[in-house]
>>> print(open('structure.cif').read())   # mmCIF, C-alpha atoms and all ligand atoms
data_model
#
loop_
_atom_site.group_PDB
_atom_site.id
_atom_site.type_symbol
_atom_site.label_atom_id
_atom_site.label_comp_id
_atom_site.auth_asym_id
_atom_site.auth_seq_id
_atom_site.Cartn_x
_atom_site.Cartn_y
_atom_site.Cartn_z
ATOM 1 C CA SER A 111 119.240 33.117 241.294
ATOM 2 C CA THR A 112 118.965 35.006 238.017
ATOM 3 C CA VAL A 113 115.928 37.158 237.292
ATOM 4 C CA PHE A 114 114.864 39.273 234.318
ATOM 5 C CA LEU A 115 114.240 42.982 234.822
ATOM 6 C CA ASN A 116 113.649 45.543 232.064
ATOM 7 C CA GLY A 117 115.670 43.829 229.376
ATOM 8 C CA GLU A 118 118.467 42.458 231.562
ATOM 9 C CA PHE A 119 119.249 39.177 233.254
ATOM 10 C CA LEU A 120 120.787 39.775 236.673
ATOM 11 C CA PRO A 121 121.138 38.209 240.131
ATOM 12 C CA SER A 122 117.897 38.590 242.118
ATOM 13 C CA ASP A 123 119.666 40.435 244.948
ATOM 14 C CA GLN A 124 120.749 43.104 242.461
ATOM 15 C CA ALA A 125 117.321 43.622 240.873
ATOM 16 C CA ARG A 126 115.825 46.968 241.935
ATOM 17 C CA VAL A 127 112.529 48.667 241.140
ATOM 18 C CA SER A 128 111.765 52.308 241.940
ATOM 19 C CA VAL A 129 109.454 53.107 244.867
ATOM 20 C CA MET A 130 107.583 55.296 242.344
ATOM 21 C CA ASP A 131 106.644 52.227 240.319
ATOM 22 C CA ARG A 132 102.876 52.117 239.823
ATOM 23 C CA GLY A 133 102.934 48.431 240.612
ATOM 24 C CA PHE A 134 104.283 49.239 244.081
ATOM 25 C CA LEU A 135 102.079 52.275 244.773
ATOM 26 C CA PHE A 136 98.823 51.243 243.031
ATOM 27 C CA GLY A 137 99.061 47.553 242.197
ATOM 28 C CA ASP A 138 98.810 48.839 238.619
ATOM 29 C CA GLY A 139 99.970 45.850 236.612
ATOM 30 C CA VAL A 140 99.263 42.313 235.435
ATOM 31 C CA TYR A 141 101.035 38.973 235.752
ATOM 32 C CA GLU A 142 101.273 35.370 234.616
ATOM 33 C CA VAL A 143 102.470 32.121 236.157
ATOM 34 C CA ILE A 144 103.664 29.477 233.689
ATOM 35 C CA PRO A 145 104.987 26.046 234.685
ATOM 36 C CA ALA A 146 107.896 24.410 232.848
ATOM 37 C CA TYR A 147 108.428 20.648 232.941
ATOM 38 C CA GLY A 148 111.760 19.179 231.885
ATOM 39 C CA GLY A 149 112.665 22.498 230.245
ATOM 40 C CA HIS A 150 109.387 22.768 228.307
ATOM 41 C CA LEU A 151 107.071 25.683 229.052
ATOM 42 C CA PHE A 152 103.614 24.207 229.652
ATOM 43 C CA ARG A 153 100.752 25.637 227.550
ATOM 44 C CA LEU A 154 102.939 28.661 226.741
ATOM 45 C CA LEU A 155 100.812 30.142 223.956
ATOM 46 C CA PRO A 156 97.541 30.256 225.945
ATOM 47 C CA HIS A 157 99.452 31.874 228.831
ATOM 48 C CA LEU A 158 100.940 34.511 226.499
ATOM 49 C CA GLN A 159 97.516 35.087 224.946
ATOM 50 C CA ARG A 160 96.019 35.643 228.411
ATOM 51 C CA LEU A 161 98.868 38.058 229.203
ATOM 52 C CA THR A 162 98.101 40.004 226.021
ATOM 53 C CA ASP A 163 94.405 40.049 226.957
ATOM 54 C CA SER A 164 95.157 41.293 230.497
ATOM 55 C CA LEU A 165 97.515 44.010 229.199
ATOM 56 C CA ARG A 166 94.959 45.188 226.651
ATOM 57 C CA ALA A 167 92.183 45.208 229.274
ATOM 58 C CA VAL A 168 94.182 47.547 231.543
ATOM 59 C CA ARG A 169 95.659 49.538 228.623
ATOM 60 C CA ILE A 170 99.327 48.756 229.262
ATOM 61 C CA PRO A 171 101.203 48.421 225.940
ATOM 62 C CA ASP A 172 102.624 44.916 225.429
ATOM 63 C CA PRO A 173 106.394 45.443 225.712
ATOM 64 C CA TYR A 174 107.337 42.307 223.731
ATOM 65 C CA THR A 175 106.226 40.125 220.862
ATOM 66 C CA GLU A 176 105.296 36.501 221.473
ATOM 67 C CA THR A 177 108.723 35.435 220.143
ATOM 68 C CA GLN A 178 110.528 37.868 222.454
ATOM 69 C CA TRP A 179 108.494 36.725 225.465
ATOM 70 C CA SER A 180 109.241 33.080 224.800
ATOM 71 C CA GLY A 181 112.948 33.875 224.308
ATOM 72 C CA ILE A 182 113.084 35.589 227.714
ATOM 73 C CA LEU A 183 111.236 32.786 229.482
ATOM 74 C CA GLU A 184 113.304 30.059 227.787
ATOM 75 C CA GLU A 185 116.494 31.791 228.888
ATOM 76 C CA LEU A 186 115.228 32.047 232.497
ATOM 77 C CA ILE A 187 114.265 28.380 232.788
ATOM 78 C CA GLY A 188 117.531 27.455 231.059
ATOM 79 C CA GLU A 189 119.305 28.667 234.219
ATOM 80 C CA ASN A 190 118.116 25.491 235.976
ATOM 81 C CA PRO A 191 117.971 22.879 233.261
ATOM 82 C CA GLY A 192 115.964 19.734 233.766
ATOM 83 C CA THR A 193 114.088 20.861 236.884
ATOM 84 C CA ASP A 194 110.356 21.547 237.111
ATOM 85 C CA GLN A 195 109.883 25.259 237.517
ATOM 86 C CA SER A 196 107.250 27.910 237.578
ATOM 87 C CA VAL A 197 107.905 31.207 235.874
ATOM 88 C CA TYR A 198 106.344 34.314 237.389
ATOM 89 C CA LEU A 199 106.232 37.392 235.188
ATOM 90 C CA GLN A 200 104.698 40.780 235.741
ATOM 91 C CA VAL A 201 104.303 43.964 233.766
ATOM 92 C CA THR A 202 103.429 47.195 235.545
ATOM 93 C CA ARG A 203 102.458 50.482 233.945
ATOM 94 C CA GLY A 204 105.867 51.909 234.890
ATOM 95 C CA VAL A 205 107.538 54.491 237.106
ATOM 96 C CA MET A 206 105.845 57.888 237.688
ATOM 97 C CA ASP A 207 107.435 61.227 238.556
ATOM 98 C CA ARG A 208 104.767 61.984 241.144
ATOM 99 C CA ARG A 209 101.918 59.985 242.600
ATOM 100 C CA ASP A 210 98.849 60.430 240.419
ATOM 101 C CA HIS A 211 96.103 57.902 239.718
ATOM 102 C CA ALA A 212 95.635 58.911 236.067
ATOM 103 C CA PHE A 213 98.209 57.429 233.665
ATOM 104 C CA PRO A 214 101.086 59.796 232.915
ATOM 105 C CA LEU A 215 102.039 59.995 229.230
ATOM 106 C CA GLY A 216 104.988 58.106 227.845
ATOM 107 C CA LEU A 217 105.631 55.588 230.626
ATOM 108 C CA GLU A 218 107.819 52.558 229.933
ATOM 109 C CA PRO A 219 106.266 49.440 231.440
ATOM 110 C CA THR A 220 108.351 47.717 234.124
ATOM 111 C CA VAL A 221 108.902 44.075 233.163
ATOM 112 C CA PHE A 222 110.000 41.497 235.715
ATOM 113 C CA ALA A 223 110.274 37.717 235.513
ATOM 114 C CA MET A 224 111.689 35.016 237.768
ATOM 115 C CA SER A 225 111.665 31.241 237.832
ATOM 116 C CA ASN A 226 111.390 29.022 240.898
ATOM 117 C CA PRO A 227 111.526 25.271 241.337
ATOM 118 C CA ILE A 228 108.164 23.558 241.853
ATOM 119 C CA PRO A 229 107.879 20.261 243.666
ATOM 120 C CA ASP A 230 105.682 17.529 242.227
ATOM 121 C CA PRO A 231 102.260 17.749 243.920
ATOM 122 C CA ASP A 232 102.183 15.714 247.147
ATOM 123 C CA PRO A 233 100.800 12.261 246.250
ATOM 124 C CA ALA A 234 99.024 12.183 249.632
ATOM 125 C CA LEU A 235 96.827 14.966 248.273
ATOM 126 C CA ALA A 236 95.384 12.656 245.618
ATOM 127 C CA GLU A 237 94.580 10.173 248.408
ATOM 128 C CA ARG A 238 93.131 12.525 251.009
ATOM 129 C CA GLY A 239 92.149 15.666 249.141
ATOM 130 C CA ILE A 240 92.049 19.130 250.677
ATOM 131 C CA ALA A 241 89.705 21.103 252.888
ATOM 132 C CA ALA A 242 88.028 24.247 251.526
ATOM 133 C CA ILE A 243 85.682 26.796 253.014
ATOM 134 C CA SER A 244 83.139 28.921 251.169
ATOM 135 C CA LEU A 245 83.436 32.695 251.442
ATOM 136 C CA ASP A 246 81.687 35.675 249.983
ATOM 137 C CA ASP A 247 83.448 36.806 246.764
ATOM 138 C CA ILE A 248 84.587 40.283 247.829
ATOM 139 C CA ARG A 249 86.602 40.920 244.643
ATOM 140 C CA TRP A 250 85.887 43.451 241.894
ATOM 141 C CA GLN A 251 83.881 43.002 238.678
ATOM 142 C CA SER A 252 86.882 42.291 236.403
ATOM 143 C CA CYS A 253 88.214 39.017 237.771
ATOM 144 C CA HIS A 254 89.042 37.853 234.217
ATOM 145 C CA ILE A 255 92.035 40.219 234.261
ATOM 146 C CA LYS A 256 95.121 38.683 235.883
ATOM 147 C CA ALA A 257 95.893 41.845 237.858
ATOM 148 C CA ILE A 258 98.689 41.999 240.455
ATOM 149 C CA THR A 259 96.177 43.798 242.704
ATOM 150 C CA LEU A 260 95.488 40.735 244.854
ATOM 151 C CA LEU A 261 94.459 42.116 248.257
ATOM 152 C CA PRO A 262 90.986 40.469 248.281
ATOM 153 C CA ASN A 263 92.503 37.132 247.160
ATOM 154 C CA VAL A 264 95.182 37.436 249.856
ATOM 155 C CA LEU A 265 92.612 38.130 252.601
ATOM 156 C CA LEU A 266 90.339 35.315 251.408
ATOM 157 C CA ARG A 267 93.161 32.755 251.259
ATOM 158 C CA GLN A 268 94.375 33.854 254.711
ATOM 159 C CA GLN A 269 90.871 33.426 256.133
ATOM 160 C CA ALA A 270 90.795 29.905 254.662
ATOM 161 C CA VAL A 271 94.201 29.051 256.140
ATOM 162 C CA GLU A 272 93.162 30.369 259.561
ATOM 163 C CA ALA A 273 90.090 28.112 259.358
ATOM 164 C CA GLY A 274 92.399 25.121 258.748
ATOM 165 C CA ALA A 275 91.538 24.915 255.031
ATOM 166 C CA ALA A 276 93.760 25.046 251.953
ATOM 167 C CA GLU A 277 91.549 27.226 249.779
ATOM 168 C CA ALA A 278 88.466 29.450 249.757
ATOM 169 C CA ILE A 279 85.654 28.760 247.273
ATOM 170 C CA LEU A 280 84.042 32.069 246.402
ATOM 171 C CA ILE A 281 80.307 32.719 246.246
ATOM 172 C CA ARG A 282 78.846 35.689 244.413
ATOM 173 C CA ASP A 283 75.078 36.288 244.180
ATOM 174 C CA GLY A 284 74.302 32.683 245.098
ATOM 175 C CA HIS A 285 76.777 31.144 242.630
ATOM 176 C CA ALA A 286 80.191 29.586 243.181
ATOM 177 C CA THR A 287 82.678 31.327 240.864
ATOM 178 C CA GLU A 288 86.171 29.932 241.561
ATOM 179 C CA GLY A 289 88.800 29.633 244.310
ATOM 180 C CA ALA A 290 90.926 32.490 245.667
ATOM 181 C CA ALA A 291 93.720 31.303 243.319
ATOM 182 C CA SER A 292 92.147 28.396 241.421
ATOM 183 C CA ASN A 293 89.203 27.447 239.194
ATOM 184 C CA LEU A 294 86.277 25.327 240.316
ATOM 185 C CA PHE A 295 84.852 22.075 238.960
ATOM 186 C CA ILE A 296 82.093 19.938 240.401
ATOM 187 C CA VAL A 297 80.834 16.502 239.409
ATOM 188 C CA ARG A 298 77.117 15.671 239.443
ATOM 189 C CA ASP A 299 75.718 12.399 238.118
ATOM 190 C CA GLY A 300 78.936 11.609 236.250
ATOM 191 C CA THR A 301 79.137 15.006 234.516
ATOM 192 C CA LEU A 302 81.915 17.504 235.044
ATOM 193 C CA ILE A 303 80.620 21.072 235.484
ATOM 194 C CA THR A 304 82.596 24.322 235.588
ATOM 195 C CA PRO A 305 81.270 27.886 235.371
ATOM 196 C CA PRO A 306 81.489 29.541 231.938
ATOM 197 C CA LYS A 307 84.141 32.187 231.370
ATOM 198 C CA GLY A 308 83.132 35.768 232.031
ATOM 199 C CA PRO A 309 84.198 38.831 234.021
ATOM 200 C CA LEU A 310 83.670 37.136 237.392
ATOM 201 C CA LEU A 311 86.407 34.522 237.108
ATOM 202 C CA LEU A 312 89.911 34.048 235.751
ATOM 203 C CA PRO A 313 90.016 32.068 232.483
ATOM 204 C CA GLY A 314 92.330 29.403 233.888
ATOM 205 C CA ILE A 315 94.740 27.627 231.576
ATOM 206 C CA THR A 316 94.430 24.446 233.674
ATOM 207 C CA ARG A 317 90.627 24.741 233.525
ATOM 208 C CA ASP A 318 90.791 24.825 229.729
ATOM 209 C CA LEU A 319 93.164 21.854 229.654
ATOM 210 C CA VAL A 320 90.845 19.813 231.889
ATOM 211 C CA ILE A 321 87.926 20.589 229.539
ATOM 212 C CA GLU A 322 90.097 19.723 226.519
ATOM 213 C CA LEU A 323 91.130 16.396 228.083
ATOM 214 C CA ALA A 324 87.519 15.612 229.039
ATOM 215 C CA ALA A 325 86.384 16.372 225.468
ATOM 216 C CA GLY A 326 89.210 14.284 223.980
ATOM 217 C CA HIS A 327 88.427 11.253 226.159
ATOM 218 C CA GLY A 328 84.635 11.256 226.088
ATOM 219 C CA VAL A 329 84.159 12.445 229.668
ATOM 220 C CA PRO A 330 80.742 14.159 229.944
ATOM 221 C CA HIS A 331 81.227 17.827 230.779
ATOM 222 C CA ARG A 332 79.475 21.151 230.502
ATOM 223 C CA GLU A 333 80.080 24.813 231.256
ATOM 224 C CA ASN A 334 77.292 25.958 233.499
ATOM 225 C CA ALA A 335 76.777 28.309 236.451
ATOM 226 C CA ILE A 336 77.074 26.444 239.779
ATOM 227 C CA GLY A 337 74.495 27.402 242.395
ATOM 228 C CA GLU A 338 75.553 27.354 246.023
ATOM 229 C CA ALA A 339 73.184 24.434 246.753
ATOM 230 C CA GLU A 340 74.608 22.480 243.794
ATOM 231 C CA LEU A 341 78.100 23.004 245.157
ATOM 232 C CA ARG A 342 77.099 21.724 248.582
ATOM 233 C CA THR A 343 75.438 18.574 247.219
ATOM 234 C CA ALA A 344 78.017 17.801 244.498
ATOM 235 C CA ASP A 345 79.410 14.269 244.231
ATOM 236 C CA GLU A 346 82.905 15.716 243.730
ATOM 237 C CA VAL A 347 84.471 19.171 243.980
ATOM 238 C CA TRP A 348 87.886 20.023 242.487
ATOM 239 C CA LEU A 349 90.056 23.101 242.192
ATOM 240 C CA THR A 350 92.569 23.618 239.377
ATOM 241 C CA SER A 351 95.619 25.821 238.877
ATOM 242 C CA SER A 352 98.889 25.733 236.960
ATOM 243 C CA THR A 353 101.031 24.967 240.000
ATOM 244 C CA LYS A 354 98.542 22.810 241.962
ATOM 245 C CA GLU A 355 97.146 20.967 238.892
ATOM 246 C CA ILE A 356 93.855 19.266 239.938
ATOM 247 C CA MET A 357 93.077 19.193 243.672
ATOM 248 C CA PRO A 358 90.178 17.166 244.998
ATOM 249 C CA VAL A 359 88.229 18.988 247.729
ATOM 250 C CA THR A 360 87.087 16.386 250.245
ATOM 251 C CA THR A 361 85.660 18.649 252.932
ATOM 252 C CA LEU A 362 83.737 21.861 252.361
ATOM 253 C CA ASP A 363 82.957 24.024 255.393
ATOM 254 C CA GLY A 364 83.854 21.065 257.596
ATOM 255 C CA ARG A 365 81.384 18.667 255.922
ATOM 256 C CA PRO A 366 82.444 15.794 253.653
ATOM 257 C CA VAL A 367 82.110 16.224 249.885
ATOM 258 C CA GLY A 368 80.426 13.065 248.514
ATOM 259 C CA ASP A 369 81.829 10.182 250.541
ATOM 260 C CA GLY A 370 84.676 12.365 251.818
ATOM 261 C CA ARG A 371 87.296 10.855 249.503
ATOM 262 C CA PRO A 372 88.608 11.885 246.069
ATOM 263 C CA GLY A 373 86.066 10.547 243.568
ATOM 264 C CA PRO A 374 86.301 8.328 240.471
ATOM 265 C CA LEU A 375 86.086 11.187 237.972
ATOM 266 C CA TYR A 376 88.887 12.975 239.805
ATOM 267 C CA ARG A 377 91.065 9.879 239.512
ATOM 268 C CA ARG A 378 90.270 9.603 235.798
ATOM 269 C CA MET A 379 91.018 13.245 234.988
ATOM 270 C CA HIS A 380 94.043 13.398 237.271
ATOM 271 C CA GLY A 381 95.467 10.366 235.420
ATOM 272 C CA LEU A 382 94.868 12.019 232.032
ATOM 273 C CA TYR A 383 96.438 15.229 233.297
ATOM 274 C CA ARG A 384 99.544 13.432 234.566
ATOM 275 C CA GLU A 385 99.934 11.592 231.244
ATOM 276 C CA TYR A 386 99.675 14.857 229.341
ATOM 277 C CA LYS A 387 102.214 16.503 231.631
ATOM 278 C CA GLN A 388 104.628 13.581 231.287
ATOM 279 C CA ALA A 389 104.384 13.766 227.482
ATOM 280 C CA VAL A 390 105.276 17.481 227.642
ATOM 281 C CA ARG A 391 108.149 16.788 230.019
ATOM 282 C CA GLU A 392 109.586 14.231 227.619
ATOM 283 C CA GLY A 393 109.248 16.740 224.778
HETATM 284 N N1 LIG B 401 91.614 31.771 239.448
HETATM 285 C C1 LIG B 401 92.418 32.616 240.095
HETATM 286 C C2 LIG B 401 91.800 33.747 240.847
HETATM 287 C C3 LIG B 401 93.820 32.425 240.078
HETATM 288 O O1 LIG B 401 94.617 33.285 240.711
HETATM 289 C C4 LIG B 401 94.357 31.313 239.373
HETATM 290 C C5 LIG B 401 95.827 30.997 239.319
HETATM 291 N N2 LIG B 401 96.696 31.980 239.575
HETATM 292 C C6 LIG B 401 93.475 30.453 238.707
HETATM 293 C C7 LIG B 401 92.114 30.709 238.759
HETATM 294 C C8 LIG B 401 93.994 29.266 237.929
HETATM 295 O O2 LIG B 401 94.526 29.666 236.678
HETATM 296 P P1 LIG B 401 95.624 28.807 235.916
HETATM 297 O O3 LIG B 401 95.041 27.449 235.701
HETATM 298 O O4 LIG B 401 95.824 29.531 234.645
HETATM 299 O O5 LIG B 401 96.831 28.760 236.796
#
>>> encode(input="structure.cif", output="structure tokens")
Amino acid sequence: STVFLNGEFLPSDQARVSVMDRGFLFGDGVYEVIPAYGGHLFRLLPHLQRLTDSLRAVRIPDPYTETQWSGILEELIGENPGTDQSVYLQVTRGVMDRRDHAFPLGLEPTVFAMSNPIPDPDPALAERGIAAISLDDIRWQSCHIKAITLLPNVLLRQQAVEAGAAEAILIRDGHATEGAASNLFIVRDGTLITPPKGPLLLPGITRDLVIELAAGHGVPHRENAIGEAELRTADEVWLTSSTKEIMPVTTLDGRPVGDGRPGPLYRRMHGLYREYKQAVREG
């Protein structure tokens, strides 16, 4: 398949990055994942805004304007017209002459992007939901930056998988923050609750869309910290991400969430989400 690397489109097996790249040696870079449905990039501008925010936060100069970024991504998804895809892009600080933590002067960022087909979420998931386990949030203090440095997330997700669960829900100082690669919502007494944005969680694009849809359709919702006890006694628990959309969590640490089945508010919001997605797909 065709990928984008430093200004060129080329076959993936010909794309090469130096071993002196700071992304490879330090995990010094940021990334984005953007779905495309029926050839339409989904929530493109918020994704590009978050990319700009991540780049600024780690002091990597943005190599492209918004128009240039969208041109590159459009061209990539155009390689496989009509299919649902997810675009992965990353920008690292660039290639160094010698290994040194401090930034060398005058580096050119390394820019890479690829697009892969995404299957429609398994409909069985909406019927059964997924299992999650709670784990201590071992990540750093700047989780709002979409950094490629994902070792804690990798270890947390692996621990969840080895426990027979699909995702880890992270607890920091007695509060549930988000999943290892997803944002967290709970439902209590008919109200949707998600933690407010801040340095301890990624400002998810799907999270914002769920809030927007709730606001637009009169679904009670608020942004509030979620205590560990509140999580454990919630009527519903969901996780959201661009590629997984909204996932109902039906068991947490081996115990049923609510009645152990996806709840009514999940079905409502999932329906609204699917409608929105279909409208985008049809342009
Ligand atoms: N939190 C983390 C830690 C993530 O890695 C992700 C997705 N990559 C999300 C939340 C969900 O963000 P989005 O809805 O923008 O995909």
>>> closest_atom_pairs(input="structure.cif", of="segment 246-314 of chain A", to="segment 355-363 of chain A", cutoff="12 Å", atoms="only C-alpha atoms", output="JSON lines")
{"residue": "A:Ala270", "atom": "CA", "partner": "A:Asp363", "partner_atom": "CA", "distance": 9.8}
{"residue": "A:Ala273", "atom": "CA", "partner": "A:Asp363", "partner_atom": "CA", "distance": 9.1}
{"residue": "A:Gly274", "atom": "CA", "partner": "A:Asp363", "partner_atom": "CA", "distance": 10.1}
{"residue": "A:Ala275", "atom": "CA", "partner": "A:Asp363", "partner_atom": "CA", "distance": 8.6}
{"residue": "A:Ala276", "atom": "CA", "partner": "A:Val359", "partner_atom": "CA", "distance": 9.2}
{"residue": "A:Glu277", "atom": "CA", "partner": "A:Val359", "partner_atom": "CA", "distance": 9.1}
{"residue": "A:Ala278", "atom": "CA", "partner": "A:Leu362", "partner_atom": "CA", "distance": 9.3}
{"residue": "A:Ile279", "atom": "CA", "partner": "A:Leu362", "partner_atom": "CA", "distance": 8.8}
{"residue": "A:Leu280", "atom": "CA", "partner": "A:Leu362", "partner_atom": "CA", "distance": 11.8}
{"residue": "A:Gly289", "atom": "CA", "partner": "A:Val359", "partner_atom": "CA", "distance": 11.2}
{"residue": "A:Ala291", "atom": "CA", "partner": "A:Glu355", "partner_atom": "CA", "distance": 11.8}
{"residue": "A:Ser292", "atom": "CA", "partner": "A:Glu355", "partner_atom": "CA", "distance": 9.3}
{"residue": "A:Asn293", "atom": "CA", "partner": "A:Ile356", "partner_atom": "CA", "distance": 9.4}
{"residue": "A:Leu294", "atom": "CA", "partner": "A:Ile356", "partner_atom": "CA", "distance": 9.7}
{"residue": "A:Phe295", "atom": "CA", "partner": "A:Pro358", "partner_atom": "CA", "distance": 9.4}
{"residue": "A:Ile296", "atom": "CA", "partner": "A:Val359", "partner_atom": "CA", "distance": 9.6}
{"residue": "A:Val297", "atom": "CA", "partner": "A:Pro358", "partner_atom": "CA", "distance": 10.9}
{"residue": "A:Gly314", "atom": "CA", "partner": "A:Glu355", "partner_atom": "CA", "distance": 10.9}
>>> residues_around(input="structure.cif", residues="Leu266 of chain A", least_positions_apart="5", cutoff="9 Å", atoms="all atoms listed in the file", output="number ranges by chain")
A: 245-248, 261, 271, 277-278, 280, 290
>>> closest_atom_pairs(input="structure.cif", of="chain A", to="ligand LIG 401 (chain B)", cutoff="9 Å", atoms="all atoms listed in the file", output="JSON lines")
{"residue": "A:Glu142", "atom": "CA", "partner": "B:LIG401", "partner_atom": "N2", "distance": 7.6}
{"residue": "A:Val143", "atom": "CA", "partner": "B:LIG401", "partner_atom": "O5", "distance": 6.6}
{"residue": "A:Ile144", "atom": "CA", "partner": "B:LIG401", "partner_atom": "O5", "distance": 7.5}
{"residue": "A:Pro145", "atom": "CA", "partner": "B:LIG401", "partner_atom": "O5", "distance": 8.9}
{"residue": "A:Pro156", "atom": "CA", "partner": "B:LIG401", "partner_atom": "O4", "distance": 8.9}
{"residue": "A:His157", "atom": "CA", "partner": "B:LIG401", "partner_atom": "O4", "distance": 7.2}
{"residue": "A:Arg160", "atom": "CA", "partner": "B:LIG401", "partner_atom": "O4", "distance": 8.7}
{"residue": "A:Cys253", "atom": "CA", "partner": "B:LIG401", "partner_atom": "C2", "distance": 7.1}
{"residue": "A:His254", "atom": "CA", "partner": "B:LIG401", "partner_atom": "C2", "distance": 8.3}
{"residue": "A:Lys256", "atom": "CA", "partner": "B:LIG401", "partner_atom": "O1", "distance": 7.3}
{"residue": "A:Leu260", "atom": "CA", "partner": "B:LIG401", "partner_atom": "O1", "distance": 8.6}
{"residue": "A:Asn263", "atom": "CA", "partner": "B:LIG401", "partner_atom": "C2", "distance": 7.2}
{"residue": "A:Glu288", "atom": "CA", "partner": "B:LIG401", "partner_atom": "N1", "distance": 6.1}
{"residue": "A:Gly289", "atom": "CA", "partner": "B:LIG401", "partner_atom": "N1", "distance": 6.0}
{"residue": "A:Ala290", "atom": "CA", "partner": "B:LIG401", "partner_atom": "C2", "distance": 5.1}
{"residue": "A:Ala291", "atom": "CA", "partner": "B:LIG401", "partner_atom": "O1", "distance": 3.4}
{"residue": "A:Ser292", "atom": "CA", "partner": "B:LIG401", "partner_atom": "C7", "distance": 3.5}
{"residue": "A:Asn293", "atom": "CA", "partner": "B:LIG401", "partner_atom": "C7", "distance": 4.4}
{"residue": "A:Leu294", "atom": "CA", "partner": "B:LIG401", "partner_atom": "C7", "distance": 8.1}
{"residue": "A:Leu311", "atom": "CA", "partner": "B:LIG401", "partner_atom": "N1", "distance": 6.3}
{"residue": "A:Leu312", "atom": "CA", "partner": "B:LIG401", "partner_atom": "N1", "distance": 4.7}
{"residue": "A:Pro313", "atom": "CA", "partner": "B:LIG401", "partner_atom": "O2", "distance": 6.6}
{"residue": "A:Gly314", "atom": "CA", "partner": "B:LIG401", "partner_atom": "O2", "distance": 3.6}
{"residue": "A:Ile315", "atom": "CA", "partner": "B:LIG401", "partner_atom": "O4", "distance": 3.8}
{"residue": "A:Thr316", "atom": "CA", "partner": "B:LIG401", "partner_atom": "O3", "distance": 3.7}
{"residue": "A:Arg317", "atom": "CA", "partner": "B:LIG401", "partner_atom": "O3", "distance": 5.6}
{"residue": "A:Asp318", "atom": "CA", "partner": "B:LIG401", "partner_atom": "O3", "distance": 7.8}
{"residue": "A:Leu319", "atom": "CA", "partner": "B:LIG401", "partner_atom": "O3", "distance": 8.4}
{"residue": "A:Leu349", "atom": "CA", "partner": "B:LIG401", "partner_atom": "C8", "distance": 8.5}
{"residue": "A:Thr350", "atom": "CA", "partner": "B:LIG401", "partner_atom": "O3", "distance": 5.9}
{"residue": "A:Ser351", "atom": "CA", "partner": "B:LIG401", "partner_atom": "O3", "distance": 3.6}
{"residue": "A:Ser352", "atom": "CA", "partner": "B:LIG401", "partner_atom": "O5", "distance": 3.7}
{"residue": "A:Thr353", "atom": "CA", "partner": "B:LIG401", "partner_atom": "O5", "distance": 6.5}
{"residue": "A:Lys354", "atom": "CA", "partner": "B:LIG401", "partner_atom": "O5", "distance": 8.1}
{"residue": "A:Glu355", "atom": "CA", "partner": "B:LIG401", "partner_atom": "O3", "distance": 7.5}
>>> write_last_selection(input="structure.cif", atoms="C-alpha atoms", output="PDB file, keeping the file's coordinate frame")
ATOM      1  CA  GLU A 142     101.273  35.370 234.616  1.00  0.00           C
ATOM      2  CA  VAL A 143     102.470  32.121 236.157  1.00  0.00           C
ATOM      3  CA  ILE A 144     103.664  29.477 233.689  1.00  0.00           C
ATOM      4  CA  PRO A 145     104.987  26.046 234.685  1.00  0.00           C
ATOM      5  CA  PRO A 156      97.541  30.256 225.945  1.00  0.00           C
ATOM      6  CA  HIS A 157      99.452  31.874 228.831  1.00  0.00           C
ATOM      7  CA  ARG A 160      96.019  35.643 228.411  1.00  0.00           C
ATOM      8  CA  CYS A 253      88.214  39.017 237.771  1.00  0.00           C
ATOM      9  CA  HIS A 254      89.042  37.853 234.217  1.00  0.00           C
ATOM     10  CA  LYS A 256      95.121  38.683 235.883  1.00  0.00           C
ATOM     11  CA  LEU A 260      95.488  40.735 244.854  1.00  0.00           C
ATOM     12  CA  ASN A 263      92.503  37.132 247.160  1.00  0.00           C
ATOM     13  CA  GLU A 288      86.171  29.932 241.561  1.00  0.00           C
ATOM     14  CA  GLY A 289      88.800  29.633 244.310  1.00  0.00           C
ATOM     15  CA  ALA A 290      90.926  32.490 245.667  1.00  0.00           C
ATOM     16  CA  ALA A 291      93.720  31.303 243.319  1.00  0.00           C
ATOM     17  CA  SER A 292      92.147  28.396 241.421  1.00  0.00           C
ATOM     18  CA  ASN A 293      89.203  27.447 239.194  1.00  0.00           C
ATOM     19  CA  LEU A 294      86.277  25.327 240.316  1.00  0.00           C
ATOM     20  CA  LEU A 311      86.407  34.522 237.108  1.00  0.00           C
ATOM     21  CA  LEU A 312      89.911  34.048 235.751  1.00  0.00           C
ATOM     22  CA  PRO A 313      90.016  32.068 232.483  1.00  0.00           C
ATOM     23  CA  GLY A 314      92.330  29.403 233.888  1.00  0.00           C
ATOM     24  CA  ILE A 315      94.740  27.627 231.576  1.00  0.00           C
ATOM     25  CA  THR A 316      94.430  24.446 233.674  1.00  0.00           C
ATOM     26  CA  ARG A 317      90.627  24.741 233.525  1.00  0.00           C
ATOM     27  CA  ASP A 318      90.791  24.825 229.729  1.00  0.00           C
ATOM     28  CA  LEU A 319      93.164  21.854 229.654  1.00  0.00           C
ATOM     29  CA  LEU A 349      90.056  23.101 242.192  1.00  0.00           C
ATOM     30  CA  THR A 350      92.569  23.618 239.377  1.00  0.00           C
ATOM     31  CA  SER A 351      95.619  25.821 238.877  1.00  0.00           C
ATOM     32  CA  SER A 352      98.889  25.733 236.960  1.00  0.00           C
ATOM     33  CA  THR A 353     101.031  24.967 240.000  1.00  0.00           C
ATOM     34  CA  LYS A 354      98.542  22.810 241.962  1.00  0.00           C
ATOM     35  CA  GLU A 355      97.146  20.967 238.892  1.00  0.00           C
TER      36      GLU A 355
END
>>> closest_residue(input="structure.cif", among="A:Gln388, A:Thr220, A:Asn190, A:Ser196", to="Pro173 of chain A", atoms="only C-alpha atoms")
A:Thr220
